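Visitor: Here you go, entry.txt (compact mmCIF, C-alpha atoms (C1' of nucleotides)):
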```txt
# COMPACT_ATOMS: atom_id res chain seq x y z
CA MET U 1102 0.23 -112.94 -90.00
CA VAL U 1103 3.49 -111.90 -91.58
CA ASN U 1104 4.07 -111.63 -95.31
CA GLN U 1105 6.16 -114.54 -96.56
CA THR U 1106 8.52 -112.31 -98.54
CA LEU U 1107 9.07 -110.06 -95.52
CA LYS U 1108 9.84 -113.13 -93.40
CA GLN U 1109 12.36 -114.17 -96.01
CA GLU U 1110 14.02 -110.75 -95.93
CA ILE U 1111 14.25 -110.72 -92.15
CA MET U 1112 15.83 -114.15 -92.25
CA GLN U 1113 18.31 -112.88 -94.82
CA LEU U 1114 19.17 -109.92 -92.61
CA GLU U 1115 19.67 -112.24 -89.69
CA ALA U 1116 21.89 -114.46 -91.81
CA ASP U 1117 24.00 -111.46 -92.82
CA PHE U 1118 24.28 -110.56 -89.17
CA CYS U 1119 25.52 -114.07 -88.39
CA ALA U 1120 27.83 -114.06 -91.39
CA ALA U 1121 29.60 -111.11 -89.80
CA LEU U 1122 30.25 -113.38 -86.82
CA SER U 1123 31.49 -116.30 -88.88
CA ASP U 1124 35.15 -115.32 -88.91
CA PRO U 1125 37.58 -115.83 -86.03
CA THR U 1126 39.29 -112.49 -86.59
CA ARG U 1127 36.01 -110.61 -86.39
CA ILE U 1128 34.98 -112.50 -83.26
CA PHE U 1129 38.29 -111.55 -81.70
CA ILE U 1130 37.71 -107.91 -82.66
CA LEU U 1131 34.23 -107.88 -81.12
CA TYR U 1132 35.42 -109.37 -77.85
CA ALA U 1133 38.33 -106.92 -77.77
CA LEU U 1134 35.96 -103.98 -78.33
CA ASN U 1135 33.75 -105.33 -75.56
CA GLU U 1136 36.65 -104.84 -73.14
CA ARG U 1137 37.25 -101.30 -74.33
CA SER U 1138 36.98 -99.23 -77.50
CA LEU U 1139 40.09 -99.37 -79.69
CA ASN U 1140 41.44 -97.64 -82.76
CA VAL U 1141 42.70 -99.43 -85.86
CA THR U 1142 46.35 -99.31 -84.87
CA GLU U 1143 45.61 -100.75 -81.44
CA LEU U 1144 43.55 -103.54 -82.97
CA THR U 1145 46.33 -104.20 -85.47
CA ASN U 1146 48.80 -104.59 -82.60
CA GLU U 1147 46.45 -106.73 -80.52
CA LEU U 1148 45.78 -109.17 -83.34
CA ALA U 1149 49.23 -109.05 -84.95
CA LEU U 1150 47.70 -108.91 -88.41
CA PRO U 1151 48.33 -106.53 -91.34
CA GLN U 1152 46.49 -103.23 -91.04
CA PRO U 1153 44.56 -103.64 -94.31
CA THR U 1154 43.25 -106.98 -93.08
CA ILE U 1155 41.94 -105.37 -89.91
CA SER U 1156 40.38 -102.49 -91.85
CA ARG U 1157 38.58 -104.88 -94.16
CA HIS U 1158 37.13 -106.86 -91.26
CA LEU U 1159 36.10 -103.63 -89.57
CA LYS U 1160 34.30 -102.62 -92.73
CA VAL U 1161 32.26 -105.82 -92.62
CA LEU U 1162 31.32 -105.20 -88.98
CA ARG U 1163 30.51 -101.57 -89.75
CA GLU U 1164 28.28 -102.37 -92.73
CA ARG U 1165 26.38 -104.94 -90.66
CA GLY U 1166 25.89 -102.39 -87.91
CA LEU U 1167 27.84 -104.25 -85.22
CA VAL U 1168 30.33 -101.46 -84.57
CA PHE U 1169 30.41 -97.70 -85.01
CA THR U 1170 33.26 -95.23 -85.35
CA GLU U 1171 34.35 -91.98 -83.83
CA ARG U 1172 37.06 -89.85 -85.38
CA GLN U 1173 39.60 -87.82 -83.42
CA GLY U 1174 41.98 -86.23 -85.87
CA THR U 1175 43.48 -89.00 -87.96
CA VAL U 1176 42.66 -91.65 -85.39
CA ILE U 1177 39.41 -93.58 -85.77
CA THR U 1178 38.17 -95.37 -82.69
CA TYR U 1179 35.81 -98.31 -83.02
CA HIS U 1180 33.05 -99.03 -80.53
CA LEU U 1181 30.72 -101.97 -80.01
CA VAL U 1182 27.13 -100.99 -80.88
CA ASP U 1183 25.21 -103.52 -78.82
CA GLN U 1184 26.36 -105.67 -75.93
CA ARG U 1185 23.70 -108.26 -76.76
CA VAL U 1186 25.89 -109.49 -79.60
CA ILE U 1187 28.47 -110.52 -76.99
CA GLN U 1188 25.76 -112.11 -74.87
CA ALA U 1189 24.61 -114.10 -77.89
CA MET U 1190 28.15 -115.26 -78.61
CA ASP U 1191 28.58 -116.26 -74.98
CA LEU U 1192 25.43 -118.35 -75.25
CA LEU U 1193 26.76 -120.04 -78.36
CA ARG U 1194 30.06 -120.58 -76.58
CA SER U 1195 28.41 -122.28 -73.64
CA ALA U 1196 26.38 -124.51 -75.95
CA MET U 1197 29.53 -125.34 -77.86
CA ARG U 1198 31.45 -126.06 -74.68
CA ASP U 1199 28.80 -128.46 -73.42
CA ARG U 1200 28.80 -130.28 -76.69
CA LEU U 1201 32.58 -130.66 -76.62
CA THR U 1202 32.75 -131.85 -73.00
CA GLN U 1203 29.94 -134.28 -73.71
CA ARG U 1204 31.90 -135.67 -76.61
CA ALA U 1205 35.06 -135.81 -74.51
CA SER U 1206 33.41 -137.78 -71.72
CA LEU U 1207 32.08 -140.15 -74.35
CA VAL U 1208 35.64 -140.73 -75.50
CA ASN U 1209 36.70 -141.29 -71.88
CA GLU U 1210 34.04 -143.95 -71.37
CA LEU U 1211 35.34 -145.78 -74.40
CA GLY U 1212 38.92 -145.59 -73.12
CA MET H 422 46.68 -117.92 -68.88
CA VAL H 423 45.44 -119.64 -71.98
CA ASN H 424 47.69 -120.79 -74.78
CA GLN H 425 47.44 -118.45 -77.77
CA THR H 426 47.07 -121.30 -80.25
CA LEU H 427 44.28 -122.85 -78.18
CA LYS H 428 42.52 -119.49 -78.04
CA GLN H 429 42.80 -119.31 -81.80
CA GLU H 430 41.30 -122.78 -82.19
CA ILE H 431 38.38 -122.00 -79.89
CA MET H 432 37.72 -118.85 -81.88
CA GLN H 433 37.79 -120.89 -85.07
CA LEU H 434 35.30 -123.37 -83.62
CA GLU H 435 33.05 -120.51 -82.60
CA ALA H 436 33.31 -119.05 -86.08
CA ASP H 437 32.35 -122.40 -87.61
CA PHE H 438 29.39 -122.49 -85.27
CA CYS H 439 28.33 -119.03 -86.45
CA ALA H 440 28.97 -119.94 -90.07
CA ALA H 441 26.32 -122.63 -89.68
CA LEU H 442 23.92 -119.82 -88.77
CA SER H 443 24.90 -117.58 -91.67
CA ASP H 444 22.34 -118.88 -94.15
CA PRO H 445 18.65 -117.99 -94.17
CA THR H 446 17.59 -121.53 -95.04
CA ARG H 447 19.46 -122.98 -92.08
CA ILE H 448 18.06 -120.35 -89.74
CA PHE H 449 14.59 -121.26 -90.94
CA ILE H 450 15.33 -124.94 -90.33
CA LEU H 451 16.54 -124.28 -86.78
CA TYR H 452 13.48 -122.23 -85.89
CA ALA H 453 11.23 -124.89 -87.41
CA LEU H 454 12.95 -127.62 -85.39
CA ASN H 455 12.53 -125.47 -82.30
CA GLU H 456 8.76 -125.71 -82.76
CA ARG H 457 8.89 -129.49 -83.18
CA SER H 458 11.18 -132.15 -84.56
CA LEU H 459 10.71 -132.82 -88.26
CA ASN H 460 11.91 -135.30 -90.85
CA VAL H 461 13.50 -134.37 -94.16
CA THR H 462 10.32 -134.65 -96.18
CA GLU H 463 8.42 -132.44 -93.75
CA LEU H 464 11.20 -129.85 -93.85
CA THR H 465 11.22 -130.02 -97.64
CA ASN H 466 7.51 -129.25 -97.68
CA GLU H 467 7.77 -126.49 -95.08
CA LEU H 468 10.50 -124.68 -96.98
CA ALA H 469 9.35 -125.48 -100.51
CA LEU H 470 12.90 -126.23 -101.60
CA PRO H 471 14.40 -129.23 -103.42
CA GLN H 472 15.09 -132.18 -101.13
CA PRO H 473 18.84 -132.30 -101.93
CA THR H 474 19.15 -128.66 -100.89
CA ILE H 475 17.54 -129.42 -97.55
CA SER H 476 19.72 -132.49 -97.01
CA ARG H 477 22.87 -130.52 -97.68
CA HIS H 478 21.91 -127.80 -95.21
CA LEU H 479 21.05 -130.47 -92.65
CA LYS H 480 24.47 -131.97 -93.16
CA VAL H 481 26.09 -128.63 -92.28
CA LEU H 482 23.99 -128.33 -89.13
CA ARG H 483 24.76 -131.95 -88.21
CA GLU H 484 28.50 -131.59 -88.68
CA ARG H 485 28.54 -128.45 -86.53
CA GLY H 486 26.61 -130.26 -83.85
CA LEU H 487 23.50 -128.07 -83.95
CA VAL H 488 21.05 -130.89 -84.73
CA PHE H 489 20.97 -134.64 -84.23
CA THR H 490 19.07 -137.40 -86.00
CA GLU H 491 16.90 -140.31 -85.09
CA ARG H 492 16.04 -143.01 -87.60
CA GLN H 493 12.67 -144.79 -87.75
CA GLY H 494 12.75 -147.12 -90.74
CA THR H 495 13.50 -145.02 -93.79
CA VAL H 496 12.42 -141.82 -92.10
CA ILE H 497 15.08 -139.69 -90.42
CA THR H 498 13.83 -137.16 -87.91
CA TYR H 499 15.94 -134.13 -87.05
CA HIS H 500 16.06 -132.61 -83.57
CA LEU H 501 17.51 -129.43 -82.18
CA VAL H 502 20.48 -130.20 -79.91
CA ASP H 503 20.51 -127.11 -77.73
CA GLN H 504 17.83 -124.51 -77.18
CA ARG H 505 20.49 -121.93 -76.34
CA VAL H 506 21.19 -121.57 -80.05
CA ILE H 507 17.65 -120.24 -80.49
CA GLN H 508 18.08 -117.97 -77.49
CA ALA H 509 21.27 -116.59 -79.04
CA MET H 510 19.52 -115.97 -82.34
CA ASP H 511 16.66 -114.24 -80.54
CA LEU H 512 19.20 -111.95 -78.88
CA LEU H 513 20.74 -111.14 -82.24
CA ARG H 514 17.26 -110.54 -83.62
CA SER H 515 16.39 -108.07 -80.89
CA ALA H 516 19.68 -106.23 -81.38
CA MET H 517 19.03 -106.15 -85.12
CA ARG H 518 15.48 -104.93 -84.64
CA ASP H 519 16.58 -102.07 -82.40
CA ARG H 520 19.19 -101.03 -84.91
CA LEU H 521 16.62 -101.00 -87.73
CA THR H 522 14.00 -99.04 -85.79
CA GLN H 523 16.67 -96.57 -84.74
CA ARG H 524 17.65 -96.07 -88.35
CA ALA H 525 13.98 -95.75 -89.33
CA SER H 526 13.29 -93.03 -86.77
CA LEU H 527 16.37 -91.23 -88.01
CA VAL H 528 14.88 -91.24 -91.49
CA ASN H 529 11.60 -89.93 -90.08
CA GLU H 530 13.35 -87.03 -88.38
CA LEU H 531 14.90 -86.07 -91.69
CA GLY H 532 11.53 -86.20 -93.43
C1' DT D 845 52.49 -76.01 -100.41
C1' DG D 846 54.92 -80.69 -98.74
C1' DT D 847 55.44 -84.43 -95.42
C1' DA D 848 54.16 -87.83 -92.07
C1' DT D 849 50.83 -90.78 -89.89
C1' DA D 850 46.36 -93.26 -89.70
C1' DT D 851 43.06 -95.57 -92.14
C1' DA D 852 40.71 -97.28 -96.30
C1' DT D 853 40.42 -99.29 -100.87
C1' DT D 854 41.73 -101.71 -105.24
C1' DC D 855 43.53 -105.64 -107.70
C1' DG D 856 44.41 -110.33 -108.49
C1' DT D 857 44.36 -114.82 -106.75
C1' DT D 858 42.81 -118.55 -104.14
C1' DC D 859 39.52 -120.96 -101.66
C1' DA D 860 34.98 -121.99 -99.84
C1' DT D 861 29.85 -122.08 -100.51
C1' DG D 862 25.34 -122.77 -102.55
C1' DC D 863 22.58 -124.68 -106.02
C1' DG D 864 20.52 -127.56 -109.87
C1' DC D 865 20.63 -131.83 -111.58
C1' DA D 866 21.47 -136.46 -111.66
C1' DT D 867 22.53 -140.38 -109.16
C1' DA D 868 23.57 -143.28 -105.18
C1' DT D 869 22.36 -145.49 -100.83
C1' DA D 870 19.36 -147.33 -97.18
C1' DG D 871 15.36 -149.57 -95.51
C1' DG D 872 10.68 -151.74 -96.07
C1' DA D 873 7.41 -154.45 -98.58
C1' DA D 874 6.01 -157.72 -102.15
C1' DT W 1211 15.46 -160.74 -105.68
C1' DT W 1212 12.71 -156.33 -107.37
C1' DC W 1213 10.32 -152.16 -106.48
C1' DC W 1214 9.21 -148.05 -103.93
C1' DT W 1215 10.06 -144.35 -100.80
C1' DA W 1216 13.24 -141.54 -97.98
C1' DT W 1217 17.50 -139.53 -97.66
C1' DA W 1218 22.27 -138.54 -99.02
C1' DT W 1219 26.03 -137.54 -102.20
C1' DG W 1220 28.79 -136.31 -106.59
C1' DC W 1221 29.52 -133.18 -110.27
C1' DG W 1222 29.89 -128.78 -112.54
C1' DC W 1223 29.14 -124.09 -112.37
C1' DA W 1224 28.58 -119.52 -110.54
C1' DT W 1225 29.09 -116.58 -106.81
C1' DG W 1226 31.26 -114.70 -102.86
C1' DA W 1227 34.85 -114.23 -99.15
C1' DA W 1228 39.67 -113.71 -97.51
C1' DC W 1229 44.22 -112.35 -98.16
C1' DG W 1230 48.82 -110.21 -99.72
C1' DA W 1231 50.64 -106.45 -101.82
C1' DA W 1232 50.35 -102.10 -103.50
C1' DT W 1233 48.08 -97.81 -103.57
C1' DA W 1234 44.78 -94.22 -102.34
C1' DT W 1235 42.63 -91.02 -99.07
C1' DA W 1236 42.30 -88.12 -94.99
C1' DT W 1237 43.99 -85.33 -91.33
C1' DA W 1238 47.60 -82.78 -88.88
C1' DC W 1239 51.50 -80.06 -88.93
C1' DA W 1240 55.47 -77.44 -90.60
```
How would this structure read if it were set down as structure tokens?

Guide:
Amino acid sequence: MVNQTLKQEIMQLEADFCAALSDPTRIFILYALNERSLNVTELTNELALPQPTISRHLKVLRERGLVFTERQGTVITYHLVDQRVIQAMDLLRSAMRDRLTQRASLVNELG
Amino acid sequence: MVNQTLKQEIMQLEADFCAALSDPTRIFILYALNERSLNVTELTNELALPQPTISRHLKVLRERGLVFTERQGTVITYHLVDQRVIQAMDLLRSAMRDRLTQRASLVNELG
DNA sequence: TGTATATATTCGTTCATGCGCATATAGGAA
DNA sequence: TTCCTATATGCGCATGAACGAATATATACA
């Protein structure tokens, strides 16, 4: 039997993990890093957003342990820590897609 | 090739989906509903939180399409829409757990 | 040392979120 | 109708997140 406070803390950790995923820019970053590791400048070009914005989002992902860095000179390359995060997002995507198509077909039946 | 704006919108939808998961109370609710469907009063008792708090969190989950309701008289029972959401959270949990144990063993090596 | 490039951080503002509390609504029974 | 229970919503406040713009830090090189 698990301590109630511990359970609460785990749930909080999990929520923080999900909070890192609750921003479209960060989701884009994670999927991009799943294709291949990228440095900040490359990510900035890919997303066409200001560099400080990218750096701030990367900080969030770093602090939550979703990405890790590797420095080569002045260039810092970001890597995805765990592929399961992408798998989880794909699952959510498929659930979301089904819900949307279901709603769409409902609209079609009405029309 | 997918329209860039459409891609952006899908990413936003996905982020909203994740935002629904970025609160410990809502995660608790989802796992509870995965065990069995519950009405608001039962959830209020399970979580030991004020009823308005529960109702507001349920509203978020409803609007994001994660739960659906069924009314029997004055009682409204909440159901989980898609089990894949739980599967996704379990994946995130396992990734999180591995990261924590890895960090813990690192601490042990230092000590 | 100085300069250039890559990345990170600070500040101020704006906007969203969560909560406590009170209140409103909906349905059933008398 | 009135009353009771179940659920939802409005309000006000405090907290937190995101962003633009400017600035700071770190590394390499001359």

Visitor: Rank W:DA1234, W:DC1239, W:DC1229, W:DA1224 by their smallest atom-to-atom distance to DG862 in chain D, using only C-alpha atoms (C1' of nucleotides), and report the top residue only.

Guide: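 Once distances to DG862 in chain D are computed over only C-alpha atoms (C1' of nucleotides), the minimum belongs to W:DA1224.
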
Visitor: Find the distance between CA of Leu1193 in chain U and CA of Leu470 in chain H and write it in Å to one decimal.

Guide: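 Separation between CA of Leu1193 in chain U and CA of Leu470 in chain H: 27.8 Å.
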
Visitor: Which distance in Å separates CA of Leu1139 in chain U and CA of Ser443 in chain H, to one decimal?

Guide: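 Rounded to one decimal, the two atoms are 26.6 Å apart.
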
Visitor: Taking all atoms listed in the file into account, which residues of chain U are within 12 Å of chain W, as number ranges by chain?

Guide: U: 1120-1121, 1123-1126, 1150-1155, 1157-1158, 1161, 1172-1177

Visitor: What would chain U look like once superposed on chain H, with the fit done by least squares over all C-alpha atoms paired in order? Give it as an mmCIF file with C-alpha atoms, in the frame of the given file.

Guide:
```
data_model
loop_
_atom_site.group_PDB
_atom_site.id
_atom_site.type_symbol
_atom_site.label_atom_id
_atom_site.label_comp_id
_atom_site.auth_asym_id
_atom_site.auth_seq_id
_atom_site.Cartn_x
_atom_site.Cartn_y
_atom_site.Cartn_z
ATOM 1 C CA MET U 1102 46.500 -118.006 -68.762
ATOM 2 C CA VAL U 1103 45.352 -119.686 -71.935
ATOM 3 C CA ASN U 1104 47.662 -120.836 -74.703
ATOM 4 C CA GLN U 1105 47.457 -118.497 -77.684
ATOM 5 C CA THR U 1106 47.090 -121.333 -80.192
ATOM 6 C CA LEU U 1107 44.286 -122.896 -78.148
ATOM 7 C CA LYS U 1108 42.522 -119.522 -78.027
ATOM 8 C CA GLN U 1109 42.835 -119.342 -81.783
ATOM 9 C CA GLU U 1110 41.315 -122.804 -82.187
ATOM 10 C CA ILE U 1111 38.392 -122.013 -79.912
ATOM 11 C CA MET U 1112 37.742 -118.863 -81.894
ATOM 12 C CA GLN U 1113 37.822 -120.911 -85.083
ATOM 13 C CA LEU U 1114 35.330 -123.374 -83.630
ATOM 14 C CA GLU U 1115 33.089 -120.522 -82.629
ATOM 15 C CA ALA U 1116 33.363 -119.059 -86.113
ATOM 16 C CA ASP U 1117 32.379 -122.401 -87.641
ATOM 17 C CA PHE U 1118 29.430 -122.487 -85.294
ATOM 18 C CA CYS U 1119 28.374 -119.031 -86.478
ATOM 19 C CA ALA U 1120 29.009 -119.936 -90.099
ATOM 20 C CA ALA U 1121 26.357 -122.616 -89.714
ATOM 21 C CA LEU U 1122 23.966 -119.814 -88.773
ATOM 22 C CA SER U 1123 24.927 -117.563 -91.657
ATOM 23 C CA ASP U 1124 22.382 -118.879 -94.136
ATOM 24 C CA PRO U 1125 18.687 -117.980 -94.171
ATOM 25 C CA THR U 1126 17.610 -121.512 -95.041
ATOM 26 C CA ARG U 1127 19.489 -122.970 -92.095
ATOM 27 C CA ILE U 1128 18.083 -120.338 -89.744
ATOM 28 C CA PHE U 1129 14.614 -121.236 -90.949
ATOM 29 C CA ILE U 1130 15.344 -124.924 -90.335
ATOM 30 C CA LEU U 1131 16.563 -124.268 -86.790
ATOM 31 C CA TYR U 1132 13.517 -122.211 -85.884
ATOM 32 C CA ALA U 1133 11.251 -124.855 -87.417
ATOM 33 C CA LEU U 1134 12.966 -127.599 -85.391
ATOM 34 C CA ASN U 1135 12.565 -125.456 -82.289
ATOM 35 C CA GLU U 1136 8.790 -125.676 -82.742
ATOM 36 C CA ARG U 1137 8.902 -129.433 -83.162
ATOM 37 C CA SER U 1138 11.196 -132.121 -84.548
ATOM 38 C CA LEU U 1139 10.714 -132.778 -88.266
ATOM 39 C CA ASN U 1140 11.876 -135.273 -90.848
ATOM 40 C CA VAL U 1141 13.472 -134.351 -94.165
ATOM 41 C CA THR U 1142 10.273 -134.605 -96.171
ATOM 42 C CA GLU U 1143 8.407 -132.371 -93.738
ATOM 43 C CA LEU U 1144 11.195 -129.804 -93.837
ATOM 44 C CA THR U 1145 11.214 -129.994 -97.629
ATOM 45 C CA ASN U 1146 7.487 -129.218 -97.673
ATOM 46 C CA GLU U 1147 7.765 -126.448 -95.088
ATOM 47 C CA LEU U 1148 10.523 -124.644 -96.957
ATOM 48 C CA ALA U 1149 9.361 -125.458 -100.492
ATOM 49 C CA LEU U 1150 12.910 -126.215 -101.572
ATOM 50 C CA PRO U 1151 14.390 -129.238 -103.393
ATOM 51 C CA GLN U 1152 15.083 -132.191 -101.121
ATOM 52 C CA PRO U 1153 18.817 -132.333 -101.907
ATOM 53 C CA THR U 1154 19.135 -128.691 -100.898
ATOM 54 C CA ILE U 1155 17.539 -129.418 -97.539
ATOM 55 C CA SER U 1156 19.723 -132.490 -97.008
ATOM 56 C CA ARG U 1157 22.866 -130.511 -97.711
ATOM 57 C CA HIS U 1158 21.920 -127.802 -95.221
ATOM 58 C CA LEU U 1159 21.057 -130.457 -92.661
ATOM 59 C CA LYS U 1160 24.481 -131.964 -93.156
ATOM 60 C CA VAL U 1161 26.097 -128.636 -92.303
ATOM 61 C CA LEU U 1162 24.007 -128.334 -89.132
ATOM 62 C CA ARG U 1163 24.754 -131.947 -88.229
ATOM 63 C CA GLU U 1164 28.518 -131.617 -88.696
ATOM 64 C CA ARG U 1165 28.542 -128.476 -86.543
ATOM 65 C CA GLY U 1166 26.607 -130.289 -83.845
ATOM 66 C CA LEU U 1167 23.510 -128.076 -83.951
ATOM 67 C CA VAL U 1168 21.076 -130.882 -84.735
ATOM 68 C CA PHE U 1169 20.968 -134.634 -84.242
ATOM 69 C CA THR U 1170 19.048 -137.385 -85.998
ATOM 70 C CA GLU U 1171 16.876 -140.306 -85.094
ATOM 71 C CA ARG U 1172 15.969 -142.983 -87.602
ATOM 72 C CA GLN U 1173 12.619 -144.764 -87.747
ATOM 73 C CA GLY U 1174 12.647 -147.085 -90.714
ATOM 74 C CA THR U 1175 13.440 -145.012 -93.773
ATOM 75 C CA VAL U 1176 12.378 -141.788 -92.105
ATOM 76 C CA ILE U 1177 15.041 -139.682 -90.401
ATOM 77 C CA THR U 1178 13.804 -137.138 -87.906
ATOM 78 C CA TYR U 1179 15.931 -134.129 -87.045
ATOM 79 C CA HIS U 1180 16.044 -132.605 -83.581
ATOM 80 C CA LEU U 1181 17.529 -129.409 -82.194
ATOM 81 C CA VAL U 1182 20.489 -130.201 -79.911
ATOM 82 C CA ASP U 1183 20.530 -127.100 -77.740
ATOM 83 C CA GLN U 1184 17.856 -124.484 -77.196
ATOM 84 C CA ARG U 1185 20.516 -121.896 -76.360
ATOM 85 C CA VAL U 1186 21.238 -121.550 -80.066
ATOM 86 C CA ILE U 1187 17.692 -120.223 -80.500
ATOM 87 C CA GLN U 1188 18.128 -117.942 -77.504
ATOM 88 C CA ALA U 1189 21.311 -116.573 -79.051
ATOM 89 C CA MET U 1190 19.566 -115.955 -82.363
ATOM 90 C CA ASP U 1191 16.720 -114.218 -80.560
ATOM 91 C CA LEU U 1192 19.252 -111.943 -78.893
ATOM 92 C CA LEU U 1193 20.798 -111.127 -82.246
ATOM 93 C CA ARG U 1194 17.324 -110.530 -83.633
ATOM 94 C CA SER U 1195 16.456 -108.064 -80.908
ATOM 95 C CA ALA U 1196 19.738 -106.217 -81.407
ATOM 96 C CA MET U 1197 19.093 -106.147 -85.127
ATOM 97 C CA ARG U 1198 15.543 -104.928 -84.642
ATOM 98 C CA ASP U 1199 16.649 -102.059 -82.424
ATOM 99 C CA ARG U 1200 19.223 -101.023 -84.936
ATOM 100 C CA LEU U 1201 16.659 -101.009 -87.741
ATOM 101 C CA THR U 1202 14.016 -99.065 -85.796
ATOM 102 C CA GLN U 1203 16.673 -96.591 -84.737
ATOM 103 C CA ARG U 1204 17.611 -96.081 -88.349
ATOM 104 C CA ALA U 1205 13.957 -95.787 -89.339
ATOM 105 C CA SER U 1206 13.226 -93.093 -86.771
ATOM 106 C CA LEU U 1207 16.284 -91.250 -88.019
ATOM 107 C CA VAL U 1208 14.781 -91.293 -91.494
ATOM 108 C CA ASN U 1209 11.474 -90.047 -90.060
ATOM 109 C CA GLU U 1210 13.161 -87.092 -88.376
ATOM 110 C CA LEU U 1211 14.683 -86.120 -91.686
ATOM 111 C CA GLY U 1212 11.313 -86.370 -93.438
#
```

Visitor: Which residues come within 12 Å of Glu1115 in chain U, counting all atoms listed in the file, excluding same-chain residues fewer than 3 positions away, as number ranges by chain?

Guide: U: 1108-1112, 1118-1122, 1165-1166; H: 439, 442-449, 509-518, 521

Visitor: Taking all atoms listed in the file into account and nothing else, which residues of chain D lie no more than 10 Å away from chain H? Please answer as a PyMOL selection string.

Guide: chain D and resi 862-865+870-872

Visitor: Give the answer as one residue: which of U:Gln1113, U:Gln1105, U:Gln1203, U:Thr1170 has the shortest atom-to-atom distance to chain H, using only C-alpha atoms?

Guide: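 Counting only C-alpha atoms, the residue closest to chain H is U:Gln1113.
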
Visitor: Of the candidates U:Leu1131, U:His1180, U:Ser1138, U:Asn1209, which shows the shortest atom-to-atom distance to chain H, using only C-alpha atoms?

Guide: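 Checking each candidate against chain H, we get U:Leu1131 as the closest.
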
Visitor: Hey, can you check how far CA of Thr1142 in chain U sits from CA of Arg1163 in chain U?

Guide: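 So the two atoms, CA of Thr1142 in chain U and CA of Arg1163 in chain U, lie 16.7 Å apart.
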
Visitor: Tell me which of U:Ala1116, U:Thr1106, U:Phe1169, U:Val1182 sits closest to chain H, counting only C-alpha atoms.

Guide: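 Residue with the minimum atom-to-atom distance to chain H: U:Ala1116.
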
Visitor: Given all atoms listed in the file as the basis, pick out the residue of U:Asn1146, U:Thr1202, U:Asn1135, U:Gln1184 nearest to chain H.

Guide: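 Of the candidates, the smallest distance to chain H is held by U:Gln1184.
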
Visitor: From the set H:Val488, H:Gln508, H:Ala525, H:Glu530, which residue has the shortest atom-to-atom contact distance to chain U, counting only C-alpha atoms?

Guide: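 Checking each candidate against chain U, we get H:Gln508 as the closest.
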